[in-house]
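Peer 1: Input structure: run_31.cif, which contains mmCIF, C-alpha atoms.
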data_structure
loop_
_atom_site.label_atom_id
_atom_site.label_comp_id
_atom_site.auth_asym_id
_atom_site.auth_seq_id
_atom_site.Cartn_x
_atom_site.Cartn_y
_atom_site.Cartn_z
CA MET A 637 -93.26 76.47 -32.64
CA GLN A 638 -90.30 74.09 -32.78
CA ALA A 639 -90.46 74.16 -36.59
CA TYR A 640 -90.23 77.95 -36.62
CA GLU A 641 -87.42 77.90 -34.08
CA LYS A 642 -85.52 75.44 -36.27
CA LEU A 643 -86.17 77.64 -39.31
CA LEU A 644 -84.87 80.66 -37.41
CA MET A 645 -81.71 78.84 -36.35
CA ASP A 646 -81.16 77.61 -39.91
CA LEU A 647 -81.46 81.19 -41.16
CA LEU A 648 -79.01 82.44 -38.53
CA HIS A 649 -76.51 79.71 -39.37
CA SER A 650 -76.65 80.42 -43.12
CA SER A 651 -76.79 84.23 -42.86
CA LEU A 652 -74.00 86.23 -44.48
CA ASP A 653 -74.21 88.58 -41.49
CA GLY A 654 -72.44 87.57 -38.32
CA TYR A 655 -74.58 86.79 -35.28
CA ALA A 656 -73.31 85.99 -31.81
CA LEU A 657 -74.71 85.78 -28.30
CA PHE A 658 -72.61 86.77 -25.31
CA GLY A 659 -73.59 86.00 -21.73
CA SER A 660 -73.67 88.56 -18.95
CA ASP A 661 -70.01 87.69 -18.22
CA ASP A 662 -69.22 88.59 -21.89
CA ARG A 663 -68.42 84.96 -22.73
CA LEU A 664 -69.33 83.80 -26.24
CA VAL A 665 -72.17 81.26 -25.96
CA TYR A 666 -73.40 81.15 -29.56
CA ALA A 667 -72.03 82.20 -32.96
CA ASN A 668 -73.00 81.47 -36.55
CA ASP A 669 -70.43 80.60 -39.19
CA ALA A 670 -70.22 84.16 -40.53
CA PHE A 671 -69.36 85.54 -37.09
CA LEU A 672 -66.71 82.87 -36.51
CA SER A 673 -65.12 83.74 -39.84
CA LEU A 674 -65.25 87.51 -39.32
CA MET A 675 -63.88 87.37 -35.78
CA TYR A 676 -61.38 84.52 -36.40
CA VAL A 677 -62.90 82.19 -33.80
CA PHE A 678 -62.92 78.39 -34.02
CA ARG A 679 -66.15 76.49 -33.43
CA ASP A 680 -64.74 74.58 -30.45
CA GLU A 681 -63.86 77.88 -28.75
CA VAL A 682 -67.53 78.89 -28.41
CA GLY A 683 -68.40 78.77 -24.72
CA ARG A 684 -64.81 79.43 -23.66
CA LEU A 685 -63.69 82.78 -25.12
CA THR A 686 -64.69 86.19 -23.81
CA PHE A 687 -65.08 89.19 -26.10
CA ASP A 688 -61.97 90.93 -24.80
CA ALA A 689 -59.95 87.73 -25.32
CA ILE A 690 -61.09 87.65 -28.96
CA LEU A 691 -60.06 91.29 -29.43
CA ARG A 692 -56.71 90.80 -27.72
CA ARG A 693 -55.79 87.70 -29.73
CA ASN A 694 -56.77 89.24 -33.07
CA PHE A 695 -54.78 92.37 -32.28
CA HIS A 696 -51.61 90.44 -31.49
CA GLU A 697 -52.05 88.38 -34.66
CA GLY A 698 -52.43 91.55 -36.76
CA ARG A 699 -55.98 91.11 -37.93
CA ALA A 700 -59.57 92.30 -37.39
CA ALA A 701 -60.42 95.78 -36.14
CA HIS A 702 -58.21 98.80 -36.74
CA ILE A 703 -57.16 100.37 -33.44
CA GLY A 704 -56.15 104.00 -33.88
CA SER A 705 -54.09 104.33 -30.68
CA GLY A 706 -52.22 101.05 -31.20
CA ASP A 707 -52.75 100.26 -27.50
CA ILE A 708 -54.95 97.17 -27.25
CA GLU A 709 -55.44 97.37 -23.48
CA GLN A 710 -56.55 100.98 -23.73
CA PHE A 711 -58.92 100.00 -26.53
CA ILE A 712 -60.35 97.08 -24.55
CA ALA A 713 -60.91 99.37 -21.56
CA TYR A 714 -62.85 101.72 -23.81
CA VAL A 715 -64.89 98.86 -25.29
CA GLU A 716 -65.79 97.56 -21.83
CA SER A 717 -66.88 101.06 -20.78
CA VAL A 718 -69.40 101.36 -23.63
CA ARG A 719 -70.61 97.78 -24.00
CA ARG A 720 -73.93 97.37 -22.20
CA SER A 721 -73.99 101.12 -21.48
CA LYS A 722 -77.37 101.21 -23.24
CA PRO A 723 -79.84 98.57 -24.44
CA TYR A 724 -78.97 99.15 -28.10
CA ARG A 725 -75.80 100.42 -29.79
CA LEU A 726 -75.02 100.83 -33.49
CA PHE A 727 -71.51 101.66 -34.72
CA GLU A 728 -69.07 101.18 -37.60
CA VAL A 729 -65.74 99.36 -37.41
CA ASP A 730 -62.97 99.31 -40.00
CA TYR A 731 -60.74 96.27 -40.31
CA LEU A 732 -57.02 96.26 -40.98
CA ASP A 733 -57.61 94.63 -44.36
CA GLY A 734 -59.72 97.60 -45.53
CA ARG A 735 -63.17 96.11 -44.89
CA TRP A 736 -65.89 98.02 -43.05
CA PHE A 737 -68.59 96.53 -40.83
CA LEU A 738 -71.75 97.86 -39.25
CA MET A 739 -72.17 96.37 -35.79
CA SER A 740 -75.17 96.39 -33.48
CA GLU A 741 -75.39 95.33 -29.87
CA GLN A 742 -78.71 94.53 -28.18
CA THR A 743 -78.62 93.81 -24.44
CA ASP A 744 -81.44 92.36 -22.33
CA ALA A 745 -82.20 93.05 -18.67
CA MET A 746 -79.99 90.13 -17.57
CA GLY A 747 -76.95 91.47 -19.44
CA ASN A 748 -77.03 88.96 -22.30
CA MET A 749 -76.00 90.56 -25.58
CA LEU A 750 -76.85 89.81 -29.21
CA LEU A 751 -74.12 91.09 -31.53
CA GLN A 752 -74.72 91.46 -35.28
CA ILE A 753 -71.99 92.24 -37.83
CA LYS A 754 -72.87 93.34 -41.36
CA ASP A 755 -70.31 93.88 -44.13
CA ILE A 756 -70.75 97.44 -45.48
CA THR A 757 -67.47 97.67 -47.39
CA LYS A 758 -69.12 98.29 -50.77
CA GLN A 759 -71.41 100.97 -49.33
CA LYS A 760 -68.46 102.60 -47.56
CA GLN A 761 -66.36 102.56 -50.73
CA SER A 762 -69.25 104.12 -52.66
CA GLU A 763 -69.58 106.77 -49.96
CA GLN A 764 -65.86 107.51 -50.08
CA HIS A 765 -65.91 107.70 -53.89
CA LEU A 766 -68.87 110.09 -53.69
CA GLN A 767 -67.09 112.26 -51.14
CA ALA A 768 -63.97 112.30 -53.31
CA ALA A 769 -66.04 113.26 -56.36
CA LEU A 770 -67.84 116.01 -54.44
CA TYR A 771 -64.51 117.36 -53.23
CA LYS A 772 -63.15 117.24 -56.78
CA TYR A 773 -66.15 119.15 -58.13
CA HIS A 774 -65.86 121.65 -55.27
CA VAL A 775 -62.21 122.26 -56.13
CA MET A 776 -63.07 122.54 -59.82
CA ALA A 777 -65.75 125.12 -59.03
CA LEU A 778 -63.15 127.27 -57.27
CA THR A 779 -60.20 126.69 -59.61
CA ASP A 780 -59.29 128.21 -62.93
CA GLU A 781 -59.23 125.18 -65.21
CA LEU A 782 -56.37 126.41 -67.40
CA THR A 783 -53.84 127.67 -64.86
CA GLY A 784 -54.78 125.76 -61.71
CA VAL A 785 -54.94 128.90 -59.56
CA ALA A 786 -58.11 130.22 -57.91
CA ASN A 787 -60.78 131.53 -60.26
CA ARG A 788 -62.32 134.99 -60.02
CA ARG A 789 -65.08 134.00 -57.61
CA ALA A 790 -62.79 132.01 -55.34
CA ILE A 791 -60.05 134.62 -55.07
CA GLN A 792 -62.53 137.43 -54.47
CA ASP A 793 -64.30 135.46 -51.74
CA SER A 794 -61.00 134.39 -50.14
CA VAL A 795 -59.57 137.89 -50.15
CA SER A 796 -62.79 139.39 -48.78
CA ALA A 797 -62.83 136.82 -45.97
CA GLU A 798 -59.20 137.51 -45.10
CA LEU A 799 -59.77 141.27 -45.12
CA ALA A 800 -62.72 140.86 -42.77
CA ARG A 801 -60.67 138.67 -40.45
CA CYS A 802 -57.80 141.13 -40.29
CA SER A 803 -59.85 144.34 -40.25
CA ARG A 804 -59.36 144.88 -36.50
CA THR A 805 -55.57 144.78 -36.62
CA GLY A 806 -55.10 147.74 -38.96
CA ALA A 807 -52.39 145.81 -40.79
CA ALA A 808 -51.49 146.85 -44.32
CA MET A 809 -53.11 144.77 -47.06
CA THR A 810 -51.94 144.74 -50.65
CA ILE A 811 -53.26 143.63 -54.00
CA LEU A 812 -51.15 143.14 -57.12
CA LEU A 813 -52.86 143.17 -60.49
CA VAL A 814 -50.66 141.32 -62.96
CA ASP A 815 -51.31 141.60 -66.69
CA LEU A 816 -49.46 139.60 -69.33
CA ASP A 817 -48.07 142.11 -71.83
CA HIS A 818 -49.11 141.91 -75.49
CA PHE A 819 -51.08 138.73 -74.92
CA LYS A 820 -53.15 139.28 -78.06
CA ARG A 821 -49.95 139.42 -80.08
CA VAL A 822 -48.85 136.08 -78.58
CA ASN A 823 -52.17 134.51 -79.57
CA ASP A 824 -52.15 136.02 -83.06
CA THR A 825 -48.52 135.09 -83.72
CA TYR A 826 -48.28 131.62 -82.25
CA GLY A 827 -51.89 130.47 -81.84
CA HIS A 828 -54.21 130.09 -78.89
CA HIS A 829 -52.56 126.88 -77.71
CA ILE A 830 -49.30 128.74 -77.14
CA GLY A 831 -51.28 131.56 -75.54
CA ASP A 832 -52.71 129.07 -73.06
CA LEU A 833 -49.21 127.76 -72.33
CA ALA A 834 -48.06 131.32 -71.73
CA LEU A 835 -50.79 131.88 -69.15
CA LYS A 836 -49.96 128.60 -67.40
CA HIS A 837 -46.28 129.48 -67.44
CA CYS A 838 -46.89 132.89 -65.89
CA ALA A 839 -49.11 131.39 -63.19
CA GLU A 840 -46.43 128.84 -62.28
CA VAL A 841 -43.68 131.48 -62.13
CA MET A 842 -45.85 133.72 -59.95
CA LYS A 843 -46.69 130.91 -57.53
CA ALA A 844 -43.00 130.08 -57.21
CA SER A 845 -42.24 133.75 -56.47
CA LEU A 846 -44.80 134.11 -53.68
CA ARG A 847 -44.78 133.26 -49.99
CA PRO A 848 -46.74 130.17 -48.85
CA PHE A 849 -49.54 132.28 -47.34
CA ASP A 850 -50.03 134.64 -50.31
CA MET A 851 -53.10 134.18 -52.51
CA ILE A 852 -53.19 134.15 -56.29
CA GLY A 853 -56.08 133.94 -58.72
CA ARG A 854 -56.94 134.53 -62.34
CA LEU A 855 -59.57 137.19 -62.93
CA GLY A 856 -59.99 136.30 -66.58
CA GLY A 857 -58.15 136.70 -69.86
CA GLU A 858 -54.52 137.59 -69.18
CA GLU A 859 -55.15 139.27 -65.81
CA PHE A 860 -54.14 137.79 -62.47
CA VAL A 861 -54.54 139.08 -58.93
CA VAL A 862 -52.24 138.46 -55.98
CA PHE A 863 -53.25 139.24 -52.40
CA LEU A 864 -50.51 139.96 -49.87
CA GLY A 865 -51.85 139.99 -46.33
CA ASN A 866 -50.10 142.01 -43.62
CA THR A 867 -47.80 143.48 -46.26
CA ASP A 868 -46.95 147.16 -46.66
CA SER A 869 -46.20 148.87 -49.94
CA GLN A 870 -42.43 148.58 -49.56
CA ASP A 871 -42.46 144.81 -49.13
CA ALA A 872 -45.17 144.50 -51.79
CA MET A 873 -42.99 146.29 -54.33
CA VAL A 874 -40.17 143.84 -53.63
CA ILE A 875 -42.47 140.88 -54.26
CA ALA A 876 -44.02 142.46 -57.36
CA GLU A 877 -40.60 143.26 -58.81
CA ARG A 878 -39.50 139.69 -58.14
CA ILE A 879 -42.48 138.40 -60.10
CA ARG A 880 -41.83 140.78 -62.98
CA ALA A 881 -38.11 139.94 -63.13
CA GLN A 882 -38.70 136.19 -62.94
CA ILE A 883 -41.19 136.18 -65.79
CA GLN A 884 -38.87 138.29 -67.93
CA SER A 885 -35.88 136.03 -67.21
CA LEU A 886 -37.75 132.76 -67.77
CA PRO A 887 -39.10 132.70 -71.32
CA LEU A 888 -41.70 130.15 -72.35
CA GLN A 889 -40.04 127.06 -73.78
CA THR A 890 -41.91 125.52 -76.72
CA PRO A 891 -40.78 123.00 -79.35
CA GLY A 892 -38.40 124.78 -81.69
CA ARG A 893 -38.71 128.24 -80.13
CA GLU A 894 -38.28 130.31 -77.00
CA ILE A 895 -40.93 132.98 -76.41
CA ALA A 896 -40.04 136.01 -74.30
CA LEU A 897 -42.80 137.20 -71.98
CA SER A 898 -43.29 140.13 -69.66
CA VAL A 899 -45.92 141.47 -67.29
CA SER A 900 -47.13 144.82 -66.05
CA ILE A 901 -48.09 145.02 -62.38
CA GLY A 902 -50.24 147.50 -60.50
CA VAL A 903 -49.80 147.65 -56.72
CA ALA A 904 -52.30 149.02 -54.18
CA THR A 905 -51.91 149.02 -50.39
CA GLN A 906 -54.46 150.06 -47.77
CA ASN A 907 -54.66 149.64 -43.99
CA ASN A 908 -57.97 151.24 -43.02
CA ASN A 909 -60.45 148.37 -43.31
CA PRO A 910 -59.95 147.90 -47.05
CA THR A 911 -62.35 145.96 -49.25
CA PHE A 912 -61.53 143.85 -52.24
CA GLU A 913 -63.27 146.41 -54.47
CA SER A 914 -61.34 149.41 -53.12
CA LEU A 915 -57.99 147.64 -53.42
CA TYR A 916 -58.85 146.37 -56.87
CA LEU A 917 -59.80 149.82 -58.17
CA GLU A 918 -56.54 151.36 -56.93
CA ALA A 919 -54.46 148.49 -58.29
CA ASP A 920 -56.28 148.75 -61.62
CA GLN A 921 -55.34 152.43 -61.87
CA ALA A 922 -51.74 151.58 -61.04
CA LEU A 923 -51.78 148.84 -63.71
CA TYR A 924 -53.08 151.34 -66.26
CA GLU A 925 -50.17 153.63 -65.43
CA ALA A 926 -47.69 150.76 -65.80
CA LYS A 927 -49.05 149.98 -69.26
CA SER A 928 -49.07 153.65 -70.25
CA GLN A 929 -45.43 153.97 -69.26
CA GLY A 930 -44.31 151.20 -71.60
CA ARG A 931 -45.27 147.92 -69.85
CA ASN A 932 -42.92 145.40 -68.22
CA ARG A 933 -42.84 147.47 -65.05
CA VAL A 934 -44.32 147.74 -61.55
CA THR A 935 -46.31 150.79 -60.53
CA LEU A 936 -47.49 151.66 -57.03
CA ARG A 937 -50.69 153.63 -56.56
#
Translate this file's structure into structure tokens.
Peer 2:
Amino acid sequence: MQAYEKLLMDLLHSSLDGYALFGSDDRLVYANDAFLSLMYVFRDEVGRLTFDAILRRNFHEGRAAHIGSGDIEQFIAYVESVRRSKPYRLFEVDYLDGRWFLMSEQTDAMGNMLLQIKDITKQKQSEQHLQAALYKYHVMALTDELTGVANRRAIQDSVSAELARCSRTGAAMTILLVDLDHFKRVNDTYGHHIGDLALKHCAEVMKASLRPFDMIGRLGGEEFVVFLGNTDSQDAMVIAERIRAQIQSLPLQTPGREIALSVSIGVATQNNNPTFESLYLEADQALYEAKSQGRNRVTLR
């Protein structure tokens, strides 16, 4: 048995994970080298330091665990309230230097506690990278790749959700359908690369002309949609005319040439539980009228 006990102690001493034993008074009575290194404790301090003393010293020396509140005494009070609250606890701790550790506490009937610390920084970084990638792909799935505004699916879902949320108020809701005039001519004359730049330019000008809470998306081709919540037809016409005037006054700048652009805009406003489809159909009819009347104009349905 002594041979196995020696083997166990040798394994604990050489382990890359930190192991420590605290007595019922929370005084450190045993620690392997990894624990001493991770918690910044000297070998000759084993048997003298309590856990709260270790936390307090490391905090004042600007190292070890990250404390969100910045109040070490408040943090220690919290730690003391949860330590030994159950026979086994498992939790994650992030250090000020960016490392992450998985800690486990196992307490016996006498109150003695075995604390294990395992470095999980690489796993945490992989998890964070995965979350960032998933978020990026989520954004990409909802964003028009060319212009950076919402794509057709995203804008339709967002508008429908907003209409449902506001349906009880009876507030006026407006959709603008914005169509880049003579877009085929731009493509045929200057090439598709310039056509893409024209679409991006129009999207940027529109975003700059809108309020922070307005929604904009690209339905496809040269057609954009703008949703104006809690906006009546009078205010909507002001916003639509601002968009039209801004695009006309800000030509697309390309190497060696300046390309004049314009848009036609159809406006539809409803306040009796509108749907995206009903607003879209009315705005589409208004857009058709704007085109029929010579383009570069705003028409209200």
Peer 1: I'd like the contact shell of A:Gly930 - 12 Å cut-off, only C-alpha atoms, skipping same-chain residues fewer than 4 positions apart - returned as a ChimeraX atom specification.
Peer 2: /A:817-818,898-901,923-926,934-935
Peer 1: I would like the residues chosen by the PyMOL selection byres ((chain A and resi 850-857) around 7) on the shown file; could you give them as a list in words?
Peer 2: Asp780, Val785, Ala786, Asn787, Arg788, Ile791, Leu846, Arg847, Pro848, Phe849, Glu858, Glu859, Phe860, Val861, Val862, Phe863, Leu864 and Gly865 of chain A
Peer 1: Go ahead and dump the residues you just picked, C-alpha atoms, as a compact mmCIF listing (two decimals), keeping the file's coordinate frame.
Peer 2:
# COMPACT_ATOMS: atom_id res chain seq x y z
CA ASP A 780 -59.29 128.21 -62.93
CA VAL A 785 -54.94 128.90 -59.56
CA ALA A 786 -58.11 130.22 -57.91
CA ASN A 787 -60.78 131.53 -60.26
CA ARG A 788 -62.32 134.99 -60.02
CA ILE A 791 -60.05 134.62 -55.07
CA LEU A 846 -44.80 134.11 -53.68
CA ARG A 847 -44.78 133.26 -49.99
CA PRO A 848 -46.74 130.17 -48.85
CA PHE A 849 -49.54 132.28 -47.34
CA GLU A 858 -54.52 137.59 -69.18
CA GLU A 859 -55.15 139.27 -65.81
CA PHE A 860 -54.14 137.79 -62.47
CA VAL A 861 -54.54 139.08 -58.93
CA VAL A 862 -52.24 138.46 -55.98
CA PHE A 863 -53.25 139.24 -52.40
CA LEU A 864 -50.51 139.96 -49.87
CA GLY A 865 -51.85 139.99 -46.33
Peer 1: Might you pull out every residue within 12 Å of A:Glu728, with only C-alpha atoms counted and same-chain residues fewer than 2 positions away left off, and present them as a PDB file with C-alpha atoms, in the coordinates of the input?
Peer 2:
ATOM      1  CA  ALA A 701     -60.420  95.780 -36.140  1.00  0.00           C
ATOM      2  CA  HIS A 702     -58.210  98.800 -36.740  1.00  0.00           C
ATOM      3  CA  ARG A 725     -75.800 100.420 -29.790  1.00  0.00           C
ATOM      4  CA  LEU A 726     -75.020 100.830 -33.490  1.00  0.00           C
ATOM      5  CA  ASP A 730     -62.970  99.310 -40.000  1.00  0.00           C
ATOM      6  CA  TYR A 731     -60.740  96.270 -40.310  1.00  0.00           C
ATOM      7  CA  ARG A 735     -63.170  96.110 -44.890  1.00  0.00           C
ATOM      8  CA  TRP A 736     -65.890  98.020 -43.050  1.00  0.00           C
ATOM      9  CA  PHE A 737     -68.590  96.530 -40.830  1.00  0.00           C
ATOM     10  CA  LEU A 738     -71.750  97.860 -39.250  1.00  0.00           C
ATOM     11  CA  MET A 739     -72.170  96.370 -35.790  1.00  0.00           C
ATOM     12  CA  SER A 740     -75.170  96.390 -33.480  1.00  0.00           C
ATOM     13  CA  GLU A 741     -75.390  95.330 -29.870  1.00  0.00           C
ATOM     14  CA  GLN A 752     -74.720  91.460 -35.280  1.00  0.00           C
ATOM     15  CA  ILE A 753     -71.990  92.240 -37.830  1.00  0.00           C
ATOM     16  CA  LYS A 754     -72.870  93.340 -41.360  1.00  0.00           C
ATOM     17  CA  ASP A 755     -70.310  93.880 -44.130  1.00  0.00           C
ATOM     18  CA  ILE A 756     -70.750  97.440 -45.480  1.00  0.00           C
ATOM     19  CA  THR A 757     -67.470  97.670 -47.390  1.00  0.00           C
ATOM     20  CA  GLN A 759     -71.410 100.970 -49.330  1.00  0.00           C
ATOM     21  CA  LYS A 760     -68.460 102.600 -47.560  1.00  0.00           C
TER      22      LYS A 760
END
Peer 1: Care to translate the PyMOL selection byres ((chain A and resi 665) around 10) into actual residues of this file, as a CSV table (one decimal) with C-alpha atoms, keeping the file's coordinate frame?
Peer 2:
chain,number,residue,atom,x,y,z
A,656,ALA,CA,-73.3,86.0,-31.8
A,657,LEU,CA,-74.7,85.8,-28.3
A,658,PHE,CA,-72.6,86.8,-25.3
A,659,GLY,CA,-73.6,86.0,-21.7
A,662,ASP,CA,-69.2,88.6,-21.9
A,663,ARG,CA,-68.4,85.0,-22.7
A,664,LEU,CA,-69.3,83.8,-26.2
A,666,TYR,CA,-73.4,81.2,-29.6
A,667,ALA,CA,-72.0,82.2,-33.0
A,681,GLU,CA,-63.9,77.9,-28.8
A,682,VAL,CA,-67.5,78.9,-28.4
A,683,GLY,CA,-68.4,78.8,-24.7
A,684,ARG,CA,-64.8,79.4,-23.7
A,685,LEU,CA,-63.7,82.8,-25.1
A,686,THR,CA,-64.7,86.2,-23.8
A,748,ASN,CA,-77.0,89.0,-22.3
Peer 1: Around stretch 718-723 of chain A, with edges along x, y and z and 3 Å added on all six sides, what centre and edge lengths do you get, in Å to one decimal, as AutoDock Vina command-line options?
Peer 2:
--center_x -74.6 --center_y 99.4 --center_z -23.0 --size_x 16.4 --size_y 10.0 --size_z 9.0
Peer 1: Give me, as a list in words, all polymer residues having an atom no more than 12 Å from A:Pro723, counting only C-alpha atoms and skipping those fewer than 5 positions away in the same chain.
Peer 2: Val718, Ser740, Glu741, Gln742, Thr743, Asp744, Ala745, Met746, Gly747, Asn748, Met749, Leu750 and Leu751 of chain A
Peer 1: Can you list every residue of stretch 886-933 of chain A that has an atom at most 10 Å from stretch 832-845 of chain A, with its nearest atom pair and the distance in Å to one decimal, using all atoms listed in the file, ordered by chain then number, as CSV?
Peer 2:
residue,atom,partner,partner_atom,distance
A:Leu886,CA,A:Val841,CA,8.3
A:Pro887,CA,A:His837,CA,8.8
A:Leu888,CA,A:Ala834,CA,6.5
A:Gln889,CA,A:His837,CA,9.2
A:Thr890,CA,A:Leu833,CA,8.8
A:Ile895,CA,A:Ala834,CA,8.7
A:Ala896,CA,A:Ala834,CA,9.6
A:Leu897,CA,A:Ala834,CA,7.9
A:Ser898,CA,A:Cys838,CA,8.9
A:Val899,CA,A:Cys838,CA,8.7
Peer 1: Choose the residue, out of A:Val822, A:Ala769, A:Leu915, A:Val677, that has the smallest atom-to-atom separation from A:Met809; count all atoms listed in the file.
Peer 2: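 Of A:Val822, A:Ala769, A:Leu915, A:Val677, the one nearest A:Met809 is A:Leu915, counting all atoms listed in the file.
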Peer 1: Under the PyMOL selection byres ((chain A and resi 908) around 12), which residues of this model are included? Write them out as a tab-separated table (two decimals) with C-alpha atoms, in the frame of the given file.
Peer 2:
chain	number	residue	atom	x	y	z
A	799	LEU	CA	-59.77	141.27	-45.12
A	800	ALA	CA	-62.72	140.86	-42.77
A	802	CYS	CA	-57.80	141.13	-40.29
A	803	SER	CA	-59.85	144.34	-40.25
A	804	ARG	CA	-59.36	144.88	-36.50
A	805	THR	CA	-55.57	144.78	-36.62
A	806	GLY	CA	-55.10	147.74	-38.96
A	807	ALA	CA	-52.39	145.81	-40.79
A	808	ALA	CA	-51.49	146.85	-44.32
A	809	MET	CA	-53.11	144.77	-47.06
A	810	THR	CA	-51.94	144.74	-50.65
A	905	THR	CA	-51.91	149.02	-50.39
A	906	GLN	CA	-54.46	150.06	-47.77
A	907	ASN	CA	-54.66	149.64	-43.99
A	909	ASN	CA	-60.45	148.37	-43.31
A	910	PRO	CA	-59.95	147.90	-47.05
A	911	THR	CA	-62.35	145.96	-49.25
A	914	SER	CA	-61.34	149.41	-53.12
A	915	LEU	CA	-57.99	147.64	-53.42
Peer 1: In Å, with one decimal, what is the gap from atom CA of A:Asp661 to atom CA of A:Glu709?
Peer 2: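 According to the coordinates, atom CA of A:Asp661 and atom CA of A:Glu709 are separated by 18.3 Å.
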Peer 1: What is the atom CA of A:Leu652-atom CA of A:Asn694 distance in Å, reported with one decimal?
Peer 2: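 So the answer is 20.9 Å.
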Peer 1: Just the number, please: distance in Å from atom CA of A:Ser650 to atom CA of A:Val729, one decimal.
Peer 2: 22.6 Å
Peer 1: Could you model all heavy atoms for stretch 894-899 of chain A and present them as a PDB file, in the coordinates of the input?
Peer 2:
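And here is the file that came out, result.pdb:
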ATOM      1  N   GLU A 894     -38.249 129.748 -78.345  1.00  0.00           N
ATOM      2  CA  GLU A 894     -38.280 130.310 -77.000  1.00  0.00           C
ATOM      3  C   GLU A 894     -39.019 131.632 -77.093  1.00  0.00           C
ATOM      4  O   GLU A 894     -38.644 132.496 -77.890  1.00  0.00           O
ATOM      5  CB  GLU A 894     -36.842 130.510 -76.516  1.00  0.00           C
ATOM      6  CG  GLU A 894     -36.711 130.838 -75.054  1.00  0.00           C
ATOM      7  CD  GLU A 894     -35.245 130.963 -74.639  1.00  0.00           C
ATOM      8  OE1 GLU A 894     -34.648 132.016 -74.956  1.00  0.00           O
ATOM      9  OE2 GLU A 894     -34.723 130.017 -74.027  1.00  0.00           O
ATOM     10  N   ILE A 895     -40.086 131.792 -76.293  1.00  0.00           N
ATOM     11  CA  ILE A 895     -40.930 132.980 -76.410  1.00  0.00           C
ATOM     12  C   ILE A 895     -40.762 133.854 -75.171  1.00  0.00           C
ATOM     13  O   ILE A 895     -41.060 133.441 -74.045  1.00  0.00           O
ATOM     14  CB  ILE A 895     -42.413 132.598 -76.563  1.00  0.00           C
ATOM     15  CG1 ILE A 895     -42.580 131.709 -77.806  1.00  0.00           C
ATOM     16  CG2 ILE A 895     -43.295 133.828 -76.663  1.00  0.00           C
ATOM     17  CD1 ILE A 895     -43.973 131.146 -77.967  1.00  0.00           C
ATOM     18  N   ALA A 896     -40.243 135.070 -75.400  1.00  0.00           N
ATOM     19  CA  ALA A 896     -40.040 136.010 -74.300  1.00  0.00           C
ATOM     20  C   ALA A 896     -41.396 136.574 -73.852  1.00  0.00           C
ATOM     21  O   ALA A 896     -42.253 136.903 -74.678  1.00  0.00           O
ATOM     22  CB  ALA A 896     -39.124 137.140 -74.749  1.00  0.00           C
ATOM     23  N   LEU A 897     -41.567 136.673 -72.554  1.00  0.00           N
ATOM     24  CA  LEU A 897     -42.800 137.200 -71.980  1.00  0.00           C
ATOM     25  C   LEU A 897     -42.472 138.277 -70.953  1.00  0.00           C
ATOM     26  O   LEU A 897     -41.367 138.316 -70.408  1.00  0.00           O
ATOM     27  CB  LEU A 897     -43.598 136.084 -71.286  1.00  0.00           C
ATOM     28  CG  LEU A 897     -44.033 134.894 -72.135  1.00  0.00           C
ATOM     29  CD1 LEU A 897     -44.615 133.797 -71.252  1.00  0.00           C
ATOM     30  CD2 LEU A 897     -45.059 135.323 -73.189  1.00  0.00           C
ATOM     31  N   SER A 898     -43.444 139.123 -70.711  1.00  0.00           N
ATOM     32  CA  SER A 898     -43.290 140.130 -69.660  1.00  0.00           C
ATOM     33  C   SER A 898     -44.662 140.457 -69.097  1.00  0.00           C
ATOM     34  O   SER A 898     -45.689 140.162 -69.709  1.00  0.00           O
ATOM     35  CB  SER A 898     -42.613 141.395 -70.190  1.00  0.00           C
ATOM     36  OG  SER A 898     -43.470 142.069 -71.103  1.00  0.00           O
ATOM     37  N   VAL A 899     -44.660 141.075 -67.918  1.00  0.00           N
ATOM     38  CA  VAL A 899     -45.920 141.470 -67.290  1.00  0.00           C
ATOM     39  C   VAL A 899     -45.831 142.891 -66.770  1.00  0.00           C
ATOM     40  O   VAL A 899     -44.745 143.396 -66.458  1.00  0.00           O
ATOM     41  CB  VAL A 899     -46.280 140.531 -66.109  1.00  0.00           C
ATOM     42  CG1 VAL A 899     -46.609 139.138 -66.590  1.00  0.00           C
ATOM     43  CG2 VAL A 899     -45.180 140.510 -65.059  1.00  0.00           C
TER      44      VAL A 899
END
